[in-house]
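Asker: Following this line is model-v3.pdb, made up of PDB, C-alpha atoms:
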MODEL        1
ATOM      1  CA  MET A 104      91.891 106.852 131.248
ATOM      2  CA  LYS A 105      93.600 103.694 129.943
ATOM      3  CA  LYS A 106      92.484 101.803 133.052
ATOM      4  CA  ILE A 107      88.898 102.926 132.520
ATOM      5  CA  ILE A 108      88.960 101.825 128.871
ATOM      6  CA  SER A 109      90.409  98.466 129.901
ATOM      7  CA  ILE A 110      87.595  97.906 132.449
ATOM      8  CA  ILE A 111      84.951  98.817 129.863
ATOM      9  CA  LEU A 112      86.459  96.459 127.304
ATOM     10  CA  CYS A 113      86.549  93.601 129.790
ATOM     11  CA  ALA A 114      82.896  94.186 130.673
ATOM     12  CA  VAL A 115      81.925  94.209 127.009
ATOM     13  CA  LEU A 116      83.795  90.989 126.369
ATOM     14  CA  VAL A 117      82.248  89.201 129.338
ATOM     15  CA  CYS A 118      78.763  90.260 128.231
ATOM     16  CA  GLY A 119      79.464  89.274 124.631
ATOM     17  CA  MET A 120      81.333  86.040 125.317
ATOM     18  CA  PHE A 121      78.433  83.709 124.622
ATOM     19  CA  THR A 122      77.343  85.731 121.581
ATOM     20  CA  ALA A 123      80.855  85.591 120.160
ATOM     21  CA  CYS A 124      81.144  81.859 120.752
ATOM     22  CA  SER A 125      77.765  81.287 119.126
ATOM     23  CA  ALA A 126      78.786  83.306 116.095
ATOM     24  CA  LYS A 127      81.994  81.310 115.755
ATOM     25  CA  SER A 128      80.207  77.982 115.894
ATOM     26  CA  GLY A 129      77.221  79.141 113.877
ATOM     27  CA  GLU A 130      77.244  81.454 110.915
ATOM     28  CA  GLU A 131      81.018  81.603 110.320
ATOM     29  CA  LYS A 132      81.402  77.823 110.304
ATOM     30  CA  GLU A 133      78.309  77.330 108.190
ATOM     31  CA  ASN A 134      79.413  79.718 105.461
ATOM     32  CA  GLY A 135      83.017  78.506 105.675
ATOM     33  CA  LYS A 136      84.409  82.032 105.484
ATOM     34  CA  ILE A 137      87.425  83.330 107.315
ATOM     35  CA  SER A 138      86.900  86.473 109.367
ATOM     36  CA  ILE A 139      89.311  89.407 108.967
ATOM     37  CA  VAL A 140      89.057  92.671 110.908
ATOM     38  CA  CYS A 141      91.035  95.774 109.891
ATOM     39  CA  THR A 142      91.107  99.126 111.611
ATOM     40  CA  VAL A 143      91.823 101.668 108.835
ATOM     41  CA  PHE A 144      91.093 101.895 105.117
ATOM     42  CA  PRO A 145      94.614 101.274 103.748
ATOM     43  CA  ILE A 146      94.801  97.963 105.636
ATOM     44  CA  TYR A 147      91.337  96.988 104.390
ATOM     45  CA  ASP A 148      92.318  97.717 100.792
ATOM     46  CA  TRP A 149      95.569  95.747 101.080
ATOM     47  CA  VAL A 150      93.617  92.768 102.432
ATOM     48  CA  MET A 151      91.088  92.950  99.602
ATOM     49  CA  ASN A 152      93.883  93.025  97.015
ATOM     50  CA  VAL A 153      95.485  89.931  98.544
ATOM     51  CA  LEU A 154      92.131  88.145  98.527
ATOM     52  CA  GLY A 155      91.454  89.239  94.945
ATOM     53  CA  ASP A 156      89.019  86.931  93.202
ATOM     54  CA  LYS A 157      88.871  84.807  96.350
ATOM     55  CA  ALA A 158      87.253  87.640  98.326
ATOM     56  CA  GLU A 159      84.079  85.559  98.665
ATOM     57  CA  ASN A 160      86.087  83.296 100.990
ATOM     58  CA  ALA A 161      86.255  85.994 103.665
ATOM     59  CA  ASP A 162      84.163  88.377 105.719
ATOM     60  CA  VAL A 163      86.285  91.537 105.922
ATOM     61  CA  THR A 164      85.431  94.355 108.318
ATOM     62  CA  MET A 165      86.833  97.893 108.247
ATOM     63  CA  LEU A 166      86.256  99.353 111.712
ATOM     64  CA  LEU A 167      86.886 103.043 110.934
ATOM     65  CA  ASP A 168      84.305 103.241 108.164
ATOM     66  CA  SER A 169      82.361 106.344 109.135
ATOM     67  CA  GLY A 170      85.009 109.069 109.086
ATOM     68  CA  ALA A 171      86.147 108.603 112.689
ATOM     69  CA  ASP A 172      89.717 109.766 113.197
ATOM     70  CA  LEU A 173      92.265 107.120 114.163
ATOM     71  CA  HIS A 174      93.388 109.241 117.096
ATOM     72  CA  SER A 175      89.925 109.630 118.631
ATOM     73  CA  TYR A 176      88.275 106.324 117.668
ATOM     74  CA  GLN A 177      86.879 104.088 120.395
ATOM     75  CA  PRO A 178      85.445 100.655 119.514
ATOM     76  CA  THR A 179      81.815  99.717 119.972
ATOM     77  CA  ALA A 180      80.674  96.558 121.730
ATOM     78  CA  ASP A 181      80.094  94.925 118.321
ATOM     79  CA  ASP A 182      83.615  95.881 117.235
ATOM     80  CA  ILE A 183      85.135  94.231 120.301
ATOM     81  CA  ILE A 184      83.141  91.038 119.760
ATOM     82  CA  LYS A 185      84.191  90.882 116.086
ATOM     83  CA  ILE A 186      87.833  91.319 117.050
ATOM     84  CA  SER A 187      87.709  88.748 119.826
ATOM     85  CA  SER A 188      86.467  85.981 117.525
ATOM     86  CA  CYS A 189      88.070  86.828 114.157
ATOM     87  CA  ASP A 190      90.750  84.773 112.372
ATOM     88  CA  LEU A 191      92.977  87.738 111.491
ATOM     89  CA  PHE A 192      93.134  91.176 113.110
ATOM     90  CA  VAL A 193      95.304  93.827 111.425
ATOM     91  CA  TYR A 194      95.748  97.151 113.199
ATOM     92  CA  VAL A 195      98.134 100.090 113.293
ATOM     93  CA  GLY A 196      99.341  99.846 116.884
ATOM     94  CA  GLY A 197     100.772 102.806 118.741
ATOM     95  CA  GLU A 198      99.115 105.109 121.227
ATOM     96  CA  SER A 199      95.854 105.509 119.291
ATOM     97  CA  ASP A 200      95.313 101.744 119.212
ATOM     98  CA  GLY A 201      95.944 101.176 122.916
ATOM     99  CA  TRP A 202      92.412  99.800 123.202
ATOM    100  CA  ALA A 203      93.305  96.977 120.786
ATOM    101  CA  GLU A 204      95.802  95.413 123.175
ATOM    102  CA  ASP A 205      93.118  95.180 125.870
ATOM    103  CA  ALA A 206      90.703  93.612 123.405
ATOM    104  CA  LEU A 207      93.239  91.010 122.316
ATOM    105  CA  LYS A 208      93.995  89.947 125.891
ATOM    106  CA  ASN A 209      90.434  88.630 126.100
ATOM    107  CA  ALA A 210      90.154  87.112 122.611
ATOM    108  CA  THR A 211      87.892  84.062 122.356
ATOM    109  CA  ASN A 212      89.618  82.686 119.233
ATOM    110  CA  GLU A 213      92.822  81.056 120.443
ATOM    111  CA  ASN A 214      94.055  80.580 116.850
ATOM    112  CA  MET A 215      93.684  84.220 115.879
ATOM    113  CA  LYS A 216      96.541  85.776 113.902
ATOM    114  CA  THR A 217      97.371  89.448 114.470
ATOM    115  CA  ILE A 218      99.467  92.015 112.649
ATOM    116  CA  ASN A 219     100.459  95.162 114.534
ATOM    117  CA  LEU A 220     101.838  97.437 111.801
ATOM    118  CA  LEU A 221     104.137  99.492 114.018
ATOM    119  CA  GLU A 222     105.449  96.450 115.846
ATOM    120  CA  THR A 223     105.987  94.552 112.602
ATOM    121  CA  LEU A 224     107.920  97.492 111.158
ATOM    122  CA  GLY A 225     110.458  97.173 113.976
ATOM    123  CA  ASP A 226     113.408  99.557 113.865
ATOM    124  CA  ARG A 227     111.975 101.263 110.778
ATOM    125  CA  ALA A 228     109.144 102.778 112.833
ATOM    126  CA  LYS A 229     109.670 106.533 113.214
ATOM    127  CA  GLU A 230     109.220 108.458 116.434
ATOM    128  CA  GLU A 231     107.265 111.693 116.266
ATOM    129  CA  GLU A 232     109.683 114.608 115.881
ATOM    130  CA  LEU A 233     109.462 118.326 116.515
ATOM    131  CA  VAL A 234     111.179 120.100 113.634
ATOM    132  CA  GLU A 235     112.179 123.745 113.733
ATOM    133  CA  GLY A 236     109.173 126.052 114.051
ATOM    134  CA  MET A 237     106.713 123.265 114.841
ATOM    135  CA  GLN A 238     104.299 123.829 117.707
ATOM    136  CA  GLY A 239     104.556 121.215 120.459
ATOM    137  CA  GLU A 240     101.688 119.848 122.515
ATOM    138  CA  GLU A 241     101.124 120.112 126.215
ATOM    139  CA  GLU A 242     102.295 116.878 127.786
ATOM    140  CA  GLU A 243      99.644 114.805 129.538
ATOM    141  CA  GLU A 244     100.558 113.619 133.016
ATOM    142  CA  ALA A 245     101.309 109.911 133.129
ATOM    143  CA  GLU A 246      99.142 107.806 135.410
ATOM    144  CA  GLU A 247     100.770 106.706 138.635
ATOM    145  CA  GLY A 248     103.266 103.909 138.042
ATOM    146  CA  GLU A 249     103.037 104.316 134.259
ATOM    147  CA  GLU A 250     106.219 105.120 132.338
ATOM    148  CA  GLU A 251     106.080 107.418 129.337
ATOM    149  CA  GLY A 252     107.489 105.625 126.292
ATOM    150  CA  PRO A 253     108.364 107.073 122.888
ATOM    151  CA  GLU A 254     105.442 108.190 120.726
ATOM    152  CA  TYR A 255     105.649 106.806 117.223
ATOM    153  CA  ASP A 256     104.253 108.267 114.023
ATOM    154  CA  GLU A 257     101.330 105.986 113.303
ATOM    155  CA  HIS A 258     100.789 106.931 109.656
ATOM    156  CA  VAL A 259     102.907 104.040 108.390
ATOM    157  CA  TRP A 260     100.665 103.430 105.361
ATOM    158  CA  LEU A 261     101.828 106.671 103.704
ATOM    159  CA  SER A 262     105.009 104.929 102.580
ATOM    160  CA  LEU A 263     104.694 102.782  99.469
ATOM    161  CA  LYS A 264     107.726 100.832 100.630
ATOM    162  CA  ASN A 265     105.936 100.048 103.893
ATOM    163  CA  ALA A 266     102.799  99.120 101.955
ATOM    164  CA  ALA A 267     104.678  96.532  99.872
ATOM    165  CA  PHE A 268     106.164  95.072 103.049
ATOM    166  CA  TYR A 269     102.793  94.897 104.812
ATOM    167  CA  VAL A 270     101.081  93.246 101.861
ATOM    168  CA  GLY A 271     103.647  90.466 102.154
ATOM    169  CA  GLU A 272     102.878  90.088 105.860
ATOM    170  CA  ILE A 273      99.132  90.003 105.193
ATOM    171  CA  ARG A 274      99.627  87.427 102.438
ATOM    172  CA  ASP A 275     101.591  85.162 104.778
ATOM    173  CA  ALA A 276      98.927  85.438 107.481
ATOM    174  CA  ILE A 277      96.058  84.633 105.107
ATOM    175  CA  ASP A 278      98.055  81.743 103.618
ATOM    176  CA  GLY A 279      98.324  80.304 107.113
ATOM    177  CA  ILE A 280      94.578  80.525 107.653
ATOM    178  CA  ASP A 281      93.416  79.292 104.239
ATOM    179  CA  ALA A 282      96.266  77.143 102.896
ATOM    180  CA  GLU A 283      93.981  75.615 100.263
ATOM    181  CA  ASN A 284      93.991  78.878  98.307
ATOM    182  CA  LYS A 285      97.610  79.835  99.023
ATOM    183  CA  SER A 286      98.682  79.937  95.376
ATOM    184  CA  ALA A 287      95.911  82.396  94.506
ATOM    185  CA  TYR A 288      96.699  84.670  97.443
ATOM    186  CA  ASP A 289     100.400  84.596  96.616
ATOM    187  CA  ALA A 290      99.767  85.506  92.984
ATOM    188  CA  ASN A 291      97.421  88.340  93.981
ATOM    189  CA  ALA A 292      99.887  89.737  96.507
ATOM    190  CA  ASN A 293     102.851  89.538  94.140
ATOM    191  CA  ALA A 294     100.942  91.342  91.380
ATOM    192  CA  TYR A 295      99.857  94.063  93.807
ATOM    193  CA  ILE A 296     103.350  94.482  95.239
ATOM    194  CA  GLU A 297     104.630  95.021  91.684
ATOM    195  CA  LYS A 298     102.144  97.881  91.280
ATOM    196  CA  LEU A 299     103.208  99.402  94.612
ATOM    197  CA  ASN A 300     106.880  99.174  93.644
ATOM    198  CA  ALA A 301     106.190 100.725  90.238
ATOM    199  CA  LEU A 302     104.404 103.679  91.851
ATOM    200  CA  ASP A 303     107.236 104.014  94.366
ATOM    201  CA  ALA A 304     109.644 104.329  91.420
ATOM    202  CA  GLU A 305     107.440 107.061  89.919
ATOM    203  CA  TYR A 306     107.597 108.991  93.190
ATOM    204  CA  GLN A 307     111.386 108.707  93.250
ATOM    205  CA  GLN A 308     111.647 109.885  89.661
ATOM    206  CA  ALA A 309     109.389 112.870  90.379
ATOM    207  CA  VAL A 310     111.462 113.903  93.389
ATOM    208  CA  ASP A 311     114.761 113.403  91.557
ATOM    209  CA  SER A 312     113.654 115.799  88.809
ATOM    210  CA  ALA A 313     111.974 118.327  91.129
ATOM    211  CA  LYS A 314     113.198 121.905  91.518
ATOM    212  CA  THR A 315     112.112 122.092  95.146
ATOM    213  CA  LYS A 316     112.881 119.484  97.809
ATOM    214  CA  THR A 317     110.881 120.974 100.693
ATOM    215  CA  LEU A 318     107.210 120.761 101.669
ATOM    216  CA  LEU A 319     105.584 123.181 104.094
ATOM    217  CA  PHE A 320     102.342 122.251 105.862
ATOM    218  CA  GLY A 321     100.006 124.734 107.508
ATOM    219  CA  ASP A 322      98.503 121.746 109.238
ATOM    220  CA  ARG A 323      99.303 118.486 110.987
ATOM    221  CA  PHE A 324     102.051 116.502 109.306
ATOM    222  CA  PRO A 325     101.291 112.776 108.873
ATOM    223  CA  PHE A 326     103.648 112.322 105.900
ATOM    224  CA  ARG A 327     106.934 111.683 107.636
ATOM    225  CA  TYR A 328     107.288 108.163 106.228
ATOM    226  CA  LEU A 329     106.722 109.495 102.715
ATOM    227  CA  THR A 330     109.253 112.318 103.035
ATOM    228  CA  GLU A 331     111.808 109.948 104.595
ATOM    229  CA  ASP A 332     111.435 107.572 101.635
ATOM    230  CA  TYR A 333     112.466 110.262  99.155
ATOM    231  CA  SER A 334     114.751 112.428 101.325
ATOM    232  CA  LEU A 335     112.435 115.428 101.257
ATOM    233  CA  ASP A 336     112.643 118.198 103.853
ATOM    234  CA  TYR A 337     109.548 119.560 105.558
ATOM    235  CA  TYR A 338     108.185 122.181 107.913
ATOM    236  CA  ALA A 339     104.761 122.003 109.548
ATOM    237  CA  ALA A 340     102.548 123.569 112.177
ATOM    238  CA  PHE A 341     102.006 120.339 114.146
ATOM    239  CA  VAL A 342     103.162 116.726 114.330
ATOM    240  CA  GLY A 343     101.025 114.095 112.605
ATOM    241  CA  CYS A 344      99.170 112.886 115.698
ATOM    242  CA  SER A 345      98.656 116.332 117.207
ATOM    243  CA  ALA A 346      95.267 117.305 118.620
ATOM    244  CA  GLU A 347      96.077 121.009 118.273
ATOM    245  CA  SER A 348      93.955 123.094 115.923
ATOM    246  CA  GLU A 349      95.133 126.637 116.651
ATOM    247  CA  ALA A 350      98.643 127.673 115.610
ATOM    248  CA  SER A 351     100.538 130.188 117.723
ATOM    249  CA  PHE A 352     101.706 133.549 116.418
ATOM    250  CA  GLU A 353     105.292 132.274 116.585
ATOM    251  CA  THR A 354     104.495 129.189 114.510
ATOM    252  CA  VAL A 355     102.617 131.128 111.840
ATOM    253  CA  THR A 356     105.348 133.770 111.651
ATOM    254  CA  PHE A 357     108.113 131.177 111.381
ATOM    255  CA  LEU A 358     106.347 129.264 108.612
ATOM    256  CA  ALA A 359     105.515 132.425 106.670
ATOM    257  CA  LYS A 360     109.152 133.516 106.796
ATOM    258  CA  LYS A 361     110.234 130.041 105.708
ATOM    259  CA  VAL A 362     107.914 130.269 102.679
ATOM    260  CA  ASP A 363     109.619 133.553 101.738
ATOM    261  CA  GLU A 364     113.119 132.261 102.425
ATOM    262  CA  LEU A 365     112.673 129.141 100.295
ATOM    263  CA  GLY A 366     110.580 130.827  97.613
ATOM    264  CA  LEU A 367     107.812 128.257  98.001
ATOM    265  CA  LYS A 368     104.783 128.611  95.774
ATOM    266  CA  TYR A 369     102.528 126.279  97.745
ATOM    267  CA  VAL A 370     101.402 125.676 101.312
ATOM    268  CA  MET A 371     100.171 122.142 102.001
ATOM    269  CA  VAL A 372      97.241 120.821 104.043
ATOM    270  CA  ILE A 373      95.683 117.392 104.607
ATOM    271  CA  GLU A 374      92.249 116.408 103.348
ATOM    272  CA  SER A 375      90.282 117.296 106.498
ATOM    273  CA  SER A 376      91.735 120.799 106.881
ATOM    274  CA  ASP A 377      89.634 123.952 106.986
ATOM    275  CA  LYS A 378      92.730 125.669 105.482
ATOM    276  CA  LYS A 379      92.574 128.570 107.953
ATOM    277  CA  ILE A 380      96.129 128.137 109.250
ATOM    278  CA  ALA A 381      97.490 127.698 105.727
ATOM    279  CA  GLN A 382      95.734 130.864 104.595
ATOM    280  CA  THR A 383      97.013 132.793 107.616
ATOM    281  CA  ILE A 384     100.555 131.700 106.748
ATOM    282  CA  ILE A 385     100.069 132.924 103.169
ATOM    283  CA  ASP A 386      98.633 136.234 104.402
ATOM    284  CA  ASN A 387     101.840 136.778 106.379
ATOM    285  CA  THR A 388     104.246 136.193 103.487
ATOM    286  CA  GLU A 389     105.717 138.992 101.430
ATOM    287  CA  SER A 390     103.922 138.151  98.164
ATOM    288  CA  LYS A 391     100.734 136.656  99.678
ATOM    289  CA  ASN A 392     100.105 134.797  96.412
ATOM    290  CA  GLN A 393     100.909 131.186  97.296
ATOM    291  CA  GLN A 394      98.350 128.485  96.604
ATOM    292  CA  ILE A 395      97.054 125.792  98.940
ATOM    293  CA  LEU A 396      97.447 122.166  97.907
ATOM    294  CA  THR A 397      95.898 119.135  99.602
ATOM    295  CA  LEU A 398      97.575 115.766 100.154
ATOM    296  CA  ASP A 399      95.332 112.868 101.150
ATOM    297  CA  SER A 400      96.485 111.137 104.331
ATOM    298  CA  LEU A 401      93.832 108.416 103.770
ATOM    299  CA  GLN A 402      92.395 108.954 107.232
ATOM    300  CA  SER A 403      88.968 110.147 106.079
ATOM    301  CA  THR A 404      88.031 107.388 103.632
ATOM    302  CA  VAL A 405      84.652 105.923 104.585
ATOM    303  CA  ALA A 406      82.595 102.909 103.567
ATOM    304  CA  SER A 407      80.716 104.861 100.887
ATOM    305  CA  ASP A 408      84.038 105.866  99.303
ATOM    306  CA  VAL A 409      85.050 102.212  99.170
ATOM    307  CA  GLN A 410      81.750 101.335  97.507
ATOM    308  CA  SER A 411      82.412 104.091  94.976
ATOM    309  CA  GLY A 412      85.760 102.555  94.033
ATOM    310  CA  ALA A 413      88.233 104.324  96.334
ATOM    311  CA  SER A 414      91.559 102.510  96.522
ATOM    312  CA  TYR A 415      94.895 102.914  98.248
ATOM    313  CA  LEU A 416      96.783 102.955  94.944
ATOM    314  CA  GLY A 417      94.356 105.465  93.457
ATOM    315  CA  ALA A 418      94.790 107.835  96.396
ATOM    316  CA  MET A 419      98.575 107.551  96.286
ATOM    317  CA  GLU A 420      98.560 108.171  92.525
ATOM    318  CA  LYS A 421      96.590 111.376  93.102
ATOM    319  CA  ASN A 422      99.021 112.357  95.862
ATOM    320  CA  LEU A 423     101.879 111.932  93.397
ATOM    321  CA  GLU A 424     100.309 114.465  91.024
ATOM    322  CA  VAL A 425      99.869 116.934  93.882
ATOM    323  CA  LEU A 426     103.446 116.330  94.973
ATOM    324  CA  LYS A 427     104.752 117.030  91.476
ATOM    325  CA  THR A 428     102.995 120.410  91.557
ATOM    326  CA  ALA A 429     104.209 121.213  95.072
ATOM    327  CA  LEU A 430     107.820 120.495  94.146
ATOM    328  CA  SER A 431     107.746 122.310  90.795
TER     329      SER A 431
ENDMDL
END
If you convert what's in this file into structure tokens, what do you get?

Answerer:
Amino acid sequence: MKKIISIILCAVLVCGMFTACSAKSGEEKENGKISIVCTVFPIYDWVMNVLGDKAENADVTMLLDSGADLHSYQPTADDIIKISSCDLFVYVGGESDGWAEDALKNATNENMKTINLLETLGDRAKEEELVEGMQGEEEEEAEEGEEEGPEYDEHVWLSLKNAAFYVGEIRDAIDGIDAENKSAYDANANAYIEKLNALDAEYQQAVDSAKTKTLLFGDRFPFRYLTEDYSLDYYAAFVGCSAESEASFETVTFLAKKVDELGLKYVMVIESSDKKIAQTIIDNTESKNQQILTLDSLQSTVASDVQSGASYLGAMEKNLEVLKTALS
């Protein structure tokens, strides 16, 4: 499959080469704007906060702006052309962004800067883990000659500590592209990092004073970075990048018993859940009176949400209120 995607990307780039070059020498140079391409909403919002009141200096594109899931997204021909000629490309990396590496190999802008979030995180990147009771996935057979490497949790933006770090990386990259406005970008980034750090402190305070230190998800679990930040325990039906949608009898039974054992009052889901697994878990507990709470993994934010004022900080502030309830 990866070979097929690579061939398609190459074909798209060859066909779009002259278009991309024309765009670079035409509109972008005429309007004097730098071109920034981001894959997911959190990255887009971080970029916009660094740009601040200098946002008119840049054309910023959010690729996943129509509700497409990171794990199933495939770029369009226009997406590939935008990436190949942009000044800064910021993407998550990992297995879901395998297509990005192929696109970058054929970039037409030799001065392009890139930020691969997982790669930039280095040793702090977390591998996917199967905790007790979690349902594993059937392993796909590796293509001939291809070695299976570790699969990392791609939801790095769900850590406020990571967010502060990434904003600094984005600031440095933009400074290098538009040095004339460096002082403004630095001031914007520093002010935003202060807000991220302040919210991080609120999370820590909430966890420190919480009665419960365990979350249980009747769903996928993309919040490993968040729970690691505050030393929270968790149980879940599936790993964060799982494609599974049906939980086994053993998984449901284990999680229901764990709810009883720990005296949990809430079963968690992510924003896109139909809540069926969570409800089945509740129906198999002794009291059957737990409530379902939703944490936003920021994977479903679309362009219309952005236009309506959606922000990374706003979503994480709402998640904090949900977390306080879940841990009460």

Asker: To test your reading of the syntax: which residues would the PyMOL selection byres ((chain A and resi 182) around 10) return for the file shown? Reply as a list in words.

Answerer: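 Here the PyMOL selection byres ((chain A and resi 182) around 10) matches Val140, Thr142, Thr164, Met165, Leu166, Gln177, Pro178, Thr179, Ala180, Asp181, Ile183, Ile184, Lys185, Ile186, Ser187 and Ala206 of chain A.
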
Asker: Take the residues from that selection and put them in a file with C-alpha atoms, as a PDB file, in the coordinates of the input.

Answerer:
ATOM      1  CA  VAL A 140      89.057  92.671 110.908  1.00  0.00           C
ATOM      2  CA  THR A 142      91.107  99.126 111.611  1.00  0.00           C
ATOM      3  CA  THR A 164      85.431  94.355 108.318  1.00  0.00           C
ATOM      4  CA  MET A 165      86.833  97.893 108.247  1.00  0.00           C
ATOM      5  CA  LEU A 166      86.256  99.353 111.712  1.00  0.00           C
ATOM      6  CA  GLN A 177      86.879 104.088 120.395  1.00  0.00           C
ATOM      7  CA  PRO A 178      85.445 100.655 119.514  1.00  0.00           C
ATOM      8  CA  THR A 179      81.815  99.717 119.972  1.00  0.00           C
ATOM      9  CA  ALA A 180      80.674  96.558 121.730  1.00  0.00           C
ATOM     10  CA  ASP A 181      80.094  94.925 118.321  1.00  0.00           C
ATOM     11  CA  ILE A 183      85.135  94.231 120.301  1.00  0.00           C
ATOM     12  CA  ILE A 184      83.141  91.038 119.760  1.00  0.00           C
ATOM     13  CA  LYS A 185      84.191  90.882 116.086  1.00  0.00           C
ATOM     14  CA  ILE A 186      87.833  91.319 117.050  1.00  0.00           C
ATOM     15  CA  SER A 187      87.709  88.748 119.826  1.00  0.00           C
ATOM     16  CA  ALA A 206      90.703  93.612 123.405  1.00  0.00           C
TER      17      ALA A 206
END

Asker: Which residue gives the smallest distance to A:Asp289 among A:Gly155, A:Gly225, A:Gly135, A:Pro145, with all atoms listed in the file counted?

Answerer: A:Gly155

Asker: Counting all atoms listed in the file, which residues in stretch 151-252 of chain A sit no more than 7 Å from stretch 342-356 of chain A? For each one, give the nearest pair of atoms and the distance in Å, sorted by chain then residue number, as JSON lines.

Answerer:
{"residue": "A:His174", "atom": "CA", "partner": "A:Cys344", "partner_atom": "CA", "distance": 7.0}
{"residue": "A:Glu231", "atom": "CA", "partner": "A:Val342", "partner_atom": "CA", "distance": 6.8}
{"residue": "A:Leu233", "atom": "CA", "partner": "A:Val342", "partner_atom": "CA", "distance": 6.9}
{"residue": "A:Gly236", "atom": "CA", "partner": "A:Thr354", "partner_atom": "CA", "distance": 5.7}
{"residue": "A:Met237", "atom": "CA", "partner": "A:Thr354", "partner_atom": "CA", "distance": 6.3}
{"residue": "A:Gln238", "atom": "CA", "partner": "A:Thr354", "partner_atom": "CA", "distance": 6.2}

Asker: Which residues match the PyMOL selection byres ((chain A and resi 337) around 7) in the file above, as a PyMOL selection string?

Answerer: chain A and resi 317-319+335-336+338-339

Asker: So that I can check the surroundings of A:Leu167, please list as a list of chain:residue names every protein, DNA and RNA residue that reaches within 9 Å of it, counting only C-alpha atoms and ignoring chain neighbours fewer than 4 positions away.

Answerer: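 My reading of the contact set: A:Cys141, A:Thr142, A:Val143, A:Phe144, A:Ala171, A:Asp172, A:Leu173, A:Tyr176, A:Gln402, A:Ser403, A:Thr404, A:Val405, A:Ala406.
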
Asker: Please tell me which residues are no farther than 10 Å from (104.9, 107.0, 89.9) in the file, counting all atoms listed in the file, and write them as a list of chain:residue names.

Answerer: A:Lys298, A:Leu299, A:Asn300, A:Ala301, A:Leu302, A:Asp303, A:Ala304, A:Glu305, A:Tyr306, A:Gln307, A:Gln308, A:Ala309, A:Met419, A:Glu420, A:Lys421, A:Asn422, A:Leu423, A:Glu424
